[in-house]
Structures are given as C-alpha cells and as structure tokens.
Amino acid sequence: MSPLRIRQDDPPILEEWYRRHLTDCRFDISSSGVHPYTFAETRELCALRVEDLDGVLMDDSVSEGGAGIRQAIADRYCAGDADRVLVTHGSSEAIALTLDALLHPGDRVVVQESIYHSLGYFPRERGCRVVPLPAGRVRDGEIDPEALAGLVTPGTAAVIVNFPHNPSGTTLSPRGLDALLDRVEAVGAVLVWDGATAEIAHRWEPLPDPATRYERTVTYGTFSKTFGLPGLRVGWAITPPELLRATFPLRDRTTLFLSPLVELVAEHAMRHADRFIGRRAAETRRNLGHLTEWAARHRELVDWSPPEGGVCCLLGIRELAGAPDGTAVEEFCRDLLAEHKTLLVPGSAFDAPQAVRLGFGGPEADFRAGLDHLSRFLEERSSRAGRAAAQGA
C-alpha cells in the first residue's frame with residue numbers, strides 16, 4: 001500500500017508551544033486571556049437556572065447562529081443589528097470564514113506585524129500581496145500619519161489590525177482610531193479589526209466597535225479572552241450582511257453551526273457581560289500594578305513598554321539582545337519551565353526573538369508566584385553569566 005500523501009504545513013509556533021508545554025507548568029504567566037470561570041460561577045453570574053438548561057431542545061442550530069445569541073451580541077456591540085452578526089466556534093473560525101470569502105489572489109492587503117497567526121496566514125494562503133504595518137509605527141495611540149498614508153493607498157483591498165495588540169498590548173486612542181477609519185474609508189478598503197481584548201483598557205477608555213462607525217468593517221470578538229470563558233469556544237464576527245452570507249458555502253461544508261446548549265450559555269453570559277468582564281478586569285489591573293513594580297526592580301535584566309490595553313505584553317530579555325532567531329528564546333522558556341514550572345511564550349511565535357509574551361490576566365496569587373519564579377530564574381542566569389565572564393577574564 002502506498003503511503004498517504006499529506007500536505008506538510010508547519011503548525012503555528014504558538015499553538016505547538018502550548019500543545020507541548022502547557023500541561024507541564026504550575027504557574028502560567030503566558031496567556032493572552034483572563035483566567036477561566038467554572039461552570040458553577042458562570043451559572044451564578046448570569047442567573048442561569050437548571051430549568052433553562054433542561055429546556056434546551058438538542059436540535060440543530062442555523063449557520064449564522066441562533067437568534068438569541070446573535071441578538072445579545074448585536075445589542076452590546078452593533079446597535080442591535082443582528083443581521084450583521086455571525087456566531088462561530090471561537091473567533092478563529094470567524095477569521096477563517098470571513099477572510100476566505102473576502103480575500104482574492106492578488107489583493108493588496110495591509111497586515112499589522114506580529115499579529116495573531118490566523119490573521120496573517122489567510123491573506124498569504126489566498127495569494128494576496130501582503131504589505132506589513134511595522135509595529136514601531138504605532139506609537140502613543142496612533143499609527144504614524146506618514147506610514148498610514150504610505151501603506152493604506154488607493155487599491156488596497158483590506159487593512160487587518162488587532163487592538164489591543166496581542167502580544168504587545170499596544171492600542172489606539174480615540175483620535176488614533178478616527179485617523180485609521182478616515183484613511184481606510186478614503187481609499188474604500190475593508191477594515192478587518194480583531195478586538196478580542198478591547199474591553200480591558202489601561203491608558204484610554206475602551207474603544208467602540210469600529211463597525212458602528214464604518215460600514216465596510218469586519219470585527220471579531222470572543223468569549224475566550226476578557227470574558228474568562230474560553231471553554232465555550234464561542235466567537236463572532238460583525239460583518240456586512242453580504243459577507244456574512246458569503247461564508248455559508250464553506251461553513252455548510254465544514255462545521256455547520258454551534259450547539260444550541262452552548263448558544264444558550266453564551267447568550268446569558270453576553271447579557272451579563274459586565275459581571276464577567278468587570279471581575280477579571282479588576283484582577284488584571286492589580287496584576288499589572290505588580291508587574292509594573294516588578295519590571296522596575298529588574299530593569300537591568302528586562303526591557304518593556306507598559307501595555308496600553310489587553311492582558312499581555314512583550315517582555316524583552318536583555319541577555320537575548322541581538323538573538324537572530326527563535327532558538328535562544330525558546331531555550332530560555334524551556335529552561336524556565338524545567339527549573340521553575342513557570343510558562344512563558346517565546347517571542348518567536350510573534351517574530352520577536354528577543355522577547356517573551358507575558359500574560360497578567362491569571363489569578364493574582366499565582367501570577368505573583370510566577371513572577372517570583374521568573375525573578376529567581378533571571379537572577380540565577382545573570383549570576384552564572386557573571387561568574388563565567390570573571391573566569392574567562
């Protein structure tokens with residue numbers, strides 16, 4: 001029998017890293033989301049009764065999502081217009097479905113650097129001409145005006161961005177969002193906006209969903225990040241209705257729809273979103289305070305820019321300065337895990353080989369313990385390097 005002919009694409013570094021290492025850690029300070037709620041906590045926060053669950057008819061749903069969850073999302077994010085809401089298996093499916101339908105070979109697409117892997121993968125897979133928006137051109141809440149004008153030119157099909165940015169925590173101010181929307185509208189491009197952690201902001205107020213301001217916008221959201229409900233595997237896209245309908249041919253041949261039981265839980269959680277997000281946002285702010293103090297104490301060993309939104313940041317490791325690829329930072333993270341059971345994500349997952357992704361959305365006690373372990377690890381390495389240098393002198 002001849003061997004199977006299998007396409008050998010490499011999996012994303014981020015997902016492969018978690019697949020290999022997540023179960024080995026005691027302190028996870030790597031995540032881009034807040035720590036999850038239990039189902040008991042979920043039922044309590046959204047007043048979900050056993051009778052509500054017992055009443056669910058275990059039947060099919062529909063391709064765009066059930067009416068209840070679509071309306072709940074629409075009421076919170078797009079002025080009640082449920083005809084623009086597509087409910088999906090996490091925002092990753094929303095990204096796949098909408099970008100598959102939206103993009104065509106040869107399209108000129110501006111993509112923010114170091115972005116979540118799915119957002120960069122699909123433009124390349126579709127044969128688009130990808131033009132990077134450099135991370136350094138987003139500063140003080142704005143995309144540099146010269147860069148914005150030079151990149152978002154007539155003929156640009158789409159502009160794909162993520163704010164607050166995962167992993168850096170960089171985001172736009174209201175003024176910066178206005179400038180981006182003005183430029184995208186001026187050239188007639190589609191704005192593709194990943195706002196997975198938009199409701200936790202640190203420097204400015206949370207930004208409104210851009211789909212309420214500009215019709216040619218596709219936005220993504222998820223229960224996995226600021227809601228603390230990643231196990232629901234529910235996300236959404238807010239899209240022009242014609243793009244929503246254009247996702248059906250692929251979806252009808254793949255995942256079809258969500259479970260009505262999951263949709264019911266998601267609907268109740270969305271109707272009580274402030275409870276879910278509020279508790280975790282408060283904990284995140286406390287953790288960010290601890291992290292700010294920690295980074296100041298370790299300024300000789302690490303380098304960082306305080307995040308402006310979201311629940312993660314890029315932490316530069318000074319000993320890795322000049323590292324040309326991901327080999328050194330991945331070894332750094334593996335050693336930390338082996339010696340201290342503490343998990344970080346290597347920056348190689350985001351084209352940042354001299355840094356790690358550090359998440360501060362977890363339980364406060366565990367987060368502080370993880371920082372303590374990282375401190376000891378950094379200090380041990382620094383001491384060893386100092387002794388080696390002294391012996392070699």
# chains A, B, ... in the order shown; residues from 1 in each chain; ligands from 1
>>> closest_atom_pairs(of="segment 245-324 of chain A", to="segment 208-226 of chain A", cutoff="9 Å", atoms="only C-alpha atoms", output="tab-separated table")
residue	atom	partner	partner_atom	distance
A:Ala266	CA	A:Phe223	CA	8.0
A:Ala269	CA	A:Phe223	CA	8.8
A:Met270	CA	A:Phe223	CA	8.7
A:Phe276	CA	A:Thr226	CA	7.9
A:Ile277	CA	A:Thr226	CA	5.7
A:Gly278	CA	A:Thr226	CA	9.0
A:Arg280	CA	A:Thr226	CA	7.2
A:Ala281	CA	A:Thr226	CA	7.5
A:Gly310	CA	A:Thr226	CA	8.1
A:Val311	CA	A:Thr226	CA	8.3
>>> write_last_selection(atoms="N, CA, C and O atoms", output="PDB file, in the first residue's frame")
ATOM      1  N   ALA A 266     -23.911  31.022  26.139  1.00  0.00           N
ATOM      2  CA  ALA A 266     -23.263  32.219  25.605  1.00  0.00           C
ATOM      3  C   ALA A 266     -24.221  33.413  25.613  1.00  0.00           C
ATOM      4  O   ALA A 266     -23.814  34.544  25.928  1.00  0.00           O
ATOM      5  N   ALA A 269     -24.448  34.695  29.143  1.00  0.00           N
ATOM      6  CA  ALA A 269     -23.199  35.355  29.528  1.00  0.00           C
ATOM      7  C   ALA A 269     -23.081  36.720  28.866  1.00  0.00           C
ATOM      8  O   ALA A 269     -22.627  37.688  29.500  1.00  0.00           O
ATOM      9  N   MET A 270     -23.482  36.824  27.614  1.00  0.00           N
ATOM     10  CA  MET A 270     -23.406  38.114  26.922  1.00  0.00           C
ATOM     11  C   MET A 270     -24.339  39.131  27.565  1.00  0.00           C
ATOM     12  O   MET A 270     -23.995  40.318  27.687  1.00  0.00           O
ATOM     13  N   PHE A 276     -18.991  39.460  34.123  1.00  0.00           N
ATOM     14  CA  PHE A 276     -17.851  38.607  33.791  1.00  0.00           C
ATOM     15  C   PHE A 276     -16.582  39.433  33.588  1.00  0.00           C
ATOM     16  O   PHE A 276     -15.530  39.130  34.146  1.00  0.00           O
ATOM     17  N   ILE A 277     -16.689  40.458  32.772  1.00  0.00           N
ATOM     18  CA  ILE A 277     -15.510  41.253  32.428  1.00  0.00           C
ATOM     19  C   ILE A 277     -15.040  42.086  33.613  1.00  0.00           C
ATOM     20  O   ILE A 277     -13.839  42.221  33.864  1.00  0.00           O
ATOM     21  N   GLY A 278     -15.990  42.647  34.361  1.00  0.00           N
ATOM     22  CA  GLY A 278     -15.631  43.539  35.458  1.00  0.00           C
ATOM     23  C   GLY A 278     -14.758  42.881  36.505  1.00  0.00           C
ATOM     24  O   GLY A 278     -13.764  43.465  36.963  1.00  0.00           O
ATOM     25  N   ARG A 280     -12.797  40.229  36.244  1.00  0.00           N
ATOM     26  CA  ARG A 280     -11.471  39.878  35.739  1.00  0.00           C
ATOM     27  C   ARG A 280     -10.661  41.130  35.392  1.00  0.00           C
ATOM     28  O   ARG A 280      -9.432  41.140  35.541  1.00  0.00           O
ATOM     29  N   ALA A 281     -11.318  42.185  34.949  1.00  0.00           N
ATOM     30  CA  ALA A 281     -10.592  43.421  34.645  1.00  0.00           C
ATOM     31  C   ALA A 281      -9.979  44.003  35.913  1.00  0.00           C
ATOM     32  O   ALA A 281      -8.848  44.514  35.900  1.00  0.00           O
ATOM     33  N   GLY A 310      -5.537  45.278  27.003  1.00  0.00           N
ATOM     34  CA  GLY A 310      -5.428  43.838  26.976  1.00  0.00           C
ATOM     35  C   GLY A 310      -4.818  43.275  28.236  1.00  0.00           C
ATOM     36  O   GLY A 310      -4.719  43.950  29.271  1.00  0.00           O
ATOM     37  N   VAL A 311      -4.381  42.021  28.169  1.00  0.00           N
ATOM     38  CA  VAL A 311      -3.903  41.327  29.359  1.00  0.00           C
ATOM     39  C   VAL A 311      -2.546  40.659  29.143  1.00  0.00           C
ATOM     40  O   VAL A 311      -2.189  39.726  29.856  1.00  0.00           O
TER      41      VAL A 311
END
>>> select_by_dssp(residues="segment 94-157 of chain A", states="strand (DSSP E)", output="list in words")
Arg108, Val109, Val110, Val111, Gln112, Arg129, Val130, Val131, Pro132, Leu133, Val138, Arg139, Glu142, Ile143, Thr156 and Ala157 of chain A
>>> write_last_selection(atoms="N, CA and C atoms", output="PDB file, in the first residue's frame")
ATOM      1  N   ARG A 108      -4.246  43.558  -2.610  1.00  0.00           N
ATOM      2  CA  ARG A 108      -3.256  44.256  -1.778  1.00  0.00           C
ATOM      3  C   ARG A 108      -3.836  44.381  -0.369  1.00  0.00           C
ATOM      4  N   VAL A 109      -3.160  43.767   0.616  1.00  0.00           N
ATOM      5  CA  VAL A 109      -3.688  43.706   1.977  1.00  0.00           C
ATOM      6  C   VAL A 109      -2.612  44.182   2.952  1.00  0.00           C
ATOM      7  N   VAL A 110      -2.927  45.182   3.745  1.00  0.00           N
ATOM      8  CA  VAL A 110      -2.030  45.673   4.793  1.00  0.00           C
ATOM      9  C   VAL A 110      -2.303  44.864   6.056  1.00  0.00           C
ATOM     10  N   VAL A 111      -1.242  44.272   6.629  1.00  0.00           N
ATOM     11  CA  VAL A 111      -1.381  43.426   7.814  1.00  0.00           C
ATOM     12  C   VAL A 111      -0.416  43.912   8.888  1.00  0.00           C
ATOM     13  N   GLN A 112      -0.921  44.178  10.058  1.00  0.00           N
ATOM     14  CA  GLN A 112      -0.102  44.609  11.193  1.00  0.00           C
ATOM     15  C   GLN A 112       0.921  43.531  11.535  1.00  0.00           C
ATOM     16  N   ARG A 129      -1.168  40.131  -1.946  1.00  0.00           N
ATOM     17  CA  ARG A 129       0.077  40.890  -1.809  1.00  0.00           C
ATOM     18  C   ARG A 129       0.060  41.529  -0.427  1.00  0.00           C
ATOM     19  N   VAL A 130       0.795  40.927   0.493  1.00  0.00           N
ATOM     20  CA  VAL A 130       0.752  41.365   1.884  1.00  0.00           C
ATOM     21  C   VAL A 130       1.774  42.469   2.121  1.00  0.00           C
ATOM     22  N   VAL A 131       1.306  43.591   2.661  1.00  0.00           N
ATOM     23  CA  VAL A 131       2.151  44.741   2.978  1.00  0.00           C
ATOM     24  C   VAL A 131       2.143  44.907   4.502  1.00  0.00           C
ATOM     25  N   PRO A 132       3.295  44.782   5.177  1.00  0.00           N
ATOM     26  CA  PRO A 132       3.300  44.846   6.640  1.00  0.00           C
ATOM     27  C   PRO A 132       3.174  46.266   7.174  1.00  0.00           C
ATOM     28  N   LEU A 133       2.407  46.397   8.239  1.00  0.00           N
ATOM     29  CA  LEU A 133       2.384  47.624   9.041  1.00  0.00           C
ATOM     30  C   LEU A 133       3.350  47.401  10.193  1.00  0.00           C
ATOM     31  N   VAL A 138       3.327  52.277  15.287  1.00  0.00           N
ATOM     32  CA  VAL A 138       2.166  52.517  16.153  1.00  0.00           C
ATOM     33  C   VAL A 138       2.703  52.994  17.490  1.00  0.00           C
ATOM     34  N   ARG A 139       2.512  54.300  17.751  1.00  0.00           N
ATOM     35  CA  ARG A 139       3.081  54.905  18.953  1.00  0.00           C
ATOM     36  C   ARG A 139       2.109  55.916  19.538  1.00  0.00           C
ATOM     37  N   GLU A 142      -1.458  56.149  18.129  1.00  0.00           N
ATOM     38  CA  GLU A 142      -1.734  56.455  16.730  1.00  0.00           C
ATOM     39  C   GLU A 142      -0.788  55.700  15.805  1.00  0.00           C
ATOM     40  N   ILE A 143      -1.277  55.415  14.604  1.00  0.00           N
ATOM     41  CA  ILE A 143      -0.402  54.940  13.543  1.00  0.00           C
ATOM     42  C   ILE A 143       0.243  56.166  12.928  1.00  0.00           C
ATOM     43  N   THR A 156      -5.952  49.408  -2.128  1.00  0.00           N
ATOM     44  CA  THR A 156      -5.832  48.482  -1.004  1.00  0.00           C
ATOM     45  C   THR A 156      -7.176  47.817  -0.752  1.00  0.00           C
ATOM     46  N   ALA A 157      -7.182  46.490  -0.726  1.00  0.00           N
ATOM     47  CA  ALA A 157      -8.440  45.761  -0.532  1.00  0.00           C
ATOM     48  C   ALA A 157      -8.852  45.708   0.930  1.00  0.00           C
TER      49      ALA A 157
END
>>> atom_distance(atom1="atom CA of Tyr18 of chain A", atom2="atom CA of Gly316 of chain A")
20.4 Å
>>> closest_atom_pairs(of="segment 216-331 of chain A", to="segment 65-70 of chain A", cutoff="9 Å", atoms="only C-alpha atoms", output="JSON lines")
{"residue": "A:Trp236", "atom": "CA", "partner": "A:Arg70", "partner_atom": "CA", "distance": 8.7}
{"residue": "A:Phe257", "atom": "CA", "partner": "A:Gly65", "partner_atom": "CA", "distance": 6.6}
{"residue": "A:Leu258", "atom": "CA", "partner": "A:Gly65", "partner_atom": "CA", "distance": 6.9}
{"residue": "A:Pro260", "atom": "CA", "partner": "A:Gly66", "partner_atom": "CA", "distance": 7.4}
{"residue": "A:Glu263", "atom": "CA", "partner": "A:Ile69", "partner_atom": "CA", "distance": 6.1}
{"residue": "A:Leu264", "atom": "CA", "partner": "A:Ile69", "partner_atom": "CA", "distance": 7.1}
{"residue": "A:Val265", "atom": "CA", "partner": "A:Ile69", "partner_atom": "CA", "distance": 8.9}
{"residue": "A:Ala266", "atom": "CA", "partner": "A:Ile69", "partner_atom": "CA", "distance": 6.6}
{"residue": "A:Glu267", "atom": "CA", "partner": "A:Ile69", "partner_atom": "CA", "distance": 4.4}
{"residue": "A:His268", "atom": "CA", "partner": "A:Ile69", "partner_atom": "CA", "distance": 8.1}
{"residue": "A:Met270", "atom": "CA", "partner": "A:Ile69", "partner_atom": "CA", "distance": 7.8}
>>> write_last_selection(atoms="N, CA and C atoms", output="mmCIF file, in the first residue's frame")
data_model
loop_
_atom_site.group_PDB
_atom_site.id
_atom_site.type_symbol
_atom_site.label_atom_id
_atom_site.label_comp_id
_atom_site.auth_asym_id
_atom_site.auth_seq_id
_atom_site.Cartn_x
_atom_site.Cartn_y
_atom_site.Cartn_z
ATOM 1 N N TRP A 236 -17.402 35.504 17.436
ATOM 2 C CA TRP A 236 -18.340 36.110 16.494
ATOM 3 C C TRP A 236 -17.609 37.050 15.546
ATOM 4 N N PHE A 257 -22.778 24.623 12.348
ATOM 5 C CA PHE A 257 -23.360 25.529 13.345
ATOM 6 C C PHE A 257 -22.908 25.117 14.730
ATOM 7 N N LEU A 258 -23.292 25.895 15.738
ATOM 8 C CA LEU A 258 -22.964 25.596 17.125
ATOM 9 C C LEU A 258 -24.062 24.759 17.769
ATOM 10 N N PRO A 260 -27.006 24.232 20.341
ATOM 11 C CA PRO A 260 -27.956 25.151 20.989
ATOM 12 C C PRO A 260 -27.728 25.266 22.484
ATOM 13 N N GLU A 263 -24.989 27.818 22.753
ATOM 14 C CA GLU A 263 -25.534 29.136 22.411
ATOM 15 C C GLU A 263 -26.347 29.721 23.553
ATOM 16 N N LEU A 264 -27.072 28.893 24.273
ATOM 17 C CA LEU A 264 -27.862 29.397 25.400
ATOM 18 C C LEU A 264 -26.952 29.950 26.492
ATOM 19 N N VAL A 265 -25.913 29.202 26.855
ATOM 20 C CA VAL A 265 -24.980 29.686 27.876
ATOM 21 C C VAL A 265 -24.323 30.982 27.410
ATOM 22 N N ALA A 266 -23.911 31.022 26.139
ATOM 23 C CA ALA A 266 -23.263 32.219 25.605
ATOM 24 C C ALA A 266 -24.221 33.413 25.613
ATOM 25 N N GLU A 267 -25.475 33.191 25.283
ATOM 26 C CA GLU A 267 -26.452 34.285 25.288
ATOM 27 C C GLU A 267 -26.604 34.866 26.691
ATOM 28 N N HIS A 268 -26.737 34.009 27.692
ATOM 29 C CA HIS A 268 -26.882 34.503 29.065
ATOM 30 C C HIS A 268 -25.609 35.230 29.508
ATOM 31 N N MET A 270 -23.482 36.824 27.614
ATOM 32 C CA MET A 270 -23.406 38.114 26.922
ATOM 33 C C MET A 270 -24.339 39.131 27.565
#
>>> residues_around(residues="Leu314 of chain A", least_positions_apart="3", cutoff="9 Å", atoms="only C-alpha atoms", output="PyMOL selection string")
chain A and resi 166-169+303-307+347+352+355-359
>>> closest_residue(among="A:Ala96, A:Val184, A:Leu14, A:Ala365", to="Ser348 of chain A", atoms="only C-alpha atoms")
A:Leu14
>>> residues_around(residues="Phe39 of chain A", least_positions_apart="6", cutoff="12 Å", atoms="only C-alpha atoms", output="NGL selection string")
:A and (45-50 or 228-232 or 262 or 265-266 or 269)
>>> write_last_selection(atoms="N, CA and C atoms", output="PDB file, in the first residue's frame")
ATOM      1  N   LEU A  45     -23.190  33.934  37.833  1.00  0.00           N
ATOM      2  CA  LEU A  45     -23.014  35.287  37.315  1.00  0.00           C
ATOM      3  C   LEU A  45     -24.096  35.673  36.306  1.00  0.00           C
ATOM      4  N   CYS A  46     -24.566  34.696  35.538  1.00  0.00           N
ATOM      5  CA  CYS A  46     -25.564  35.065  34.524  1.00  0.00           C
ATOM      6  C   CYS A  46     -26.967  34.547  34.857  1.00  0.00           C
ATOM      7  N   ALA A  47     -27.170  34.185  36.130  1.00  0.00           N
ATOM      8  CA  ALA A  47     -28.500  33.784  36.593  1.00  0.00           C
ATOM      9  C   ALA A  47     -29.107  32.700  35.703  1.00  0.00           C
ATOM     10  N   LEU A  48     -28.294  31.734  35.360  1.00  0.00           N
ATOM     11  CA  LEU A  48     -28.739  30.638  34.510  1.00  0.00           C
ATOM     12  C   LEU A  48     -29.261  29.508  35.396  1.00  0.00           C
ATOM     13  N   ARG A  49     -30.527  29.170  35.237  1.00  0.00           N
ATOM     14  CA  ARG A  49     -31.149  28.160  36.077  1.00  0.00           C
ATOM     15  C   ARG A  49     -31.037  26.776  35.441  1.00  0.00           C
ATOM     16  N   VAL A  50     -31.139  25.765  36.272  1.00  0.00           N
ATOM     17  CA  VAL A  50     -31.149  24.395  35.760  1.00  0.00           C
ATOM     18  C   VAL A  50     -32.313  24.199  34.807  1.00  0.00           C
ATOM     19  N   GLY A 228     -13.379  35.350  30.191  1.00  0.00           N
ATOM     20  CA  GLY A 228     -12.967  34.224  31.011  1.00  0.00           C
ATOM     21  C   GLY A 228     -13.728  32.952  30.729  1.00  0.00           C
ATOM     22  N   LEU A 229     -14.182  32.775  29.468  1.00  0.00           N
ATOM     23  CA  LEU A 229     -14.957  31.593  29.097  1.00  0.00           C
ATOM     24  C   LEU A 229     -14.383  30.930  27.838  1.00  0.00           C
ATOM     25  N   PRO A 230     -13.085  30.624  27.819  1.00  0.00           N
ATOM     26  CA  PRO A 230     -12.517  30.019  26.618  1.00  0.00           C
ATOM     27  C   PRO A 230     -13.100  28.652  26.306  1.00  0.00           C
ATOM     28  N   GLY A 231     -13.553  27.932  27.332  1.00  0.00           N
ATOM     29  CA  GLY A 231     -14.101  26.605  27.105  1.00  0.00           C
ATOM     30  C   GLY A 231     -15.429  26.588  26.380  1.00  0.00           C
ATOM     31  N   LEU A 232     -16.097  27.725  26.293  1.00  0.00           N
ATOM     32  CA  LEU A 232     -17.311  27.773  25.487  1.00  0.00           C
ATOM     33  C   LEU A 232     -17.016  27.584  24.008  1.00  0.00           C
ATOM     34  N   VAL A 262     -24.690  25.327  23.952  1.00  0.00           N
ATOM     35  CA  VAL A 262     -23.611  26.297  24.063  1.00  0.00           C
ATOM     36  C   VAL A 262     -24.141  27.705  23.760  1.00  0.00           C
ATOM     37  N   VAL A 265     -25.913  29.202  26.855  1.00  0.00           N
ATOM     38  CA  VAL A 265     -24.980  29.686  27.876  1.00  0.00           C
ATOM     39  C   VAL A 265     -24.323  30.982  27.410  1.00  0.00           C
ATOM     40  N   ALA A 266     -23.911  31.022  26.139  1.00  0.00           N
ATOM     41  CA  ALA A 266     -23.263  32.219  25.605  1.00  0.00           C
ATOM     42  C   ALA A 266     -24.221  33.413  25.613  1.00  0.00           C
ATOM     43  N   ALA A 269     -24.448  34.695  29.143  1.00  0.00           N
ATOM     44  CA  ALA A 269     -23.199  35.355  29.528  1.00  0.00           C
ATOM     45  C   ALA A 269     -23.081  36.720  28.866  1.00  0.00           C
TER      46      ALA A 269
END
>>> select_by_dssp(residues="segment 180-227 of chain A", states="helix (DSSP H, G or I)", output="PyMOL selection string")
chain A and resi 180-187+210-212
>>> write_last_selection(atoms="N, CA, C and O atoms", output="compact mmCIF listing (two decimals), in the first residue's frame")
# COMPACT_ATOMS: atom_id res chain seq x y z
N LEU A 180 -7.40 56.24 11.57
CA LEU A 180 -7.40 54.99 10.82
C LEU A 180 -8.68 54.85 10.01
O LEU A 180 -8.65 54.51 8.81
N LEU A 181 -9.82 55.11 10.64
CA LEU A 181 -11.09 54.99 9.93
C LEU A 181 -11.18 55.97 8.77
O LEU A 181 -11.65 55.62 7.68
N ASP A 182 -10.71 57.19 8.98
CA ASP A 182 -10.75 58.19 7.91
C ASP A 182 -9.93 57.73 6.71
O ASP A 182 -10.36 57.87 5.55
N ARG A 183 -8.75 57.17 6.98
CA ARG A 183 -7.88 56.75 5.88
C ARG A 183 -8.44 55.54 5.14
O ARG A 183 -8.43 55.49 3.91
N VAL A 184 -8.91 54.56 5.89
CA VAL A 184 -9.47 53.36 5.26
C VAL A 184 -10.69 53.72 4.43
O VAL A 184 -10.85 53.24 3.30
N GLU A 185 -11.54 54.57 4.96
CA GLU A 185 -12.73 54.98 4.21
C GLU A 185 -12.35 55.77 2.96
O GLU A 185 -12.97 55.62 1.90
N ALA A 186 -11.30 56.59 3.05
CA ALA A 186 -10.90 57.42 1.92
C ALA A 186 -10.48 56.59 0.72
O ALA A 186 -10.69 56.99 -0.44
N VAL A 187 -9.90 55.40 0.97
CA VAL A 187 -9.45 54.56 -0.15
C VAL A 187 -10.43 53.44 -0.44
O VAL A 187 -10.23 52.64 -1.37
N PRO A 210 -15.50 49.41 15.73
CA PRO A 210 -15.45 50.26 14.52
C PRO A 210 -16.56 49.98 13.53
O PRO A 210 -16.85 50.82 12.67
N ALA A 211 -17.19 48.81 13.62
CA ALA A 211 -18.29 48.50 12.70
C ALA A 211 -19.48 49.44 12.89
O ALA A 211 -20.31 49.57 11.99
N THR A 212 -19.55 50.10 14.05
CA THR A 212 -20.62 51.08 14.26
C THR A 212 -20.32 52.40 13.57
O THR A 212 -21.20 53.27 13.49
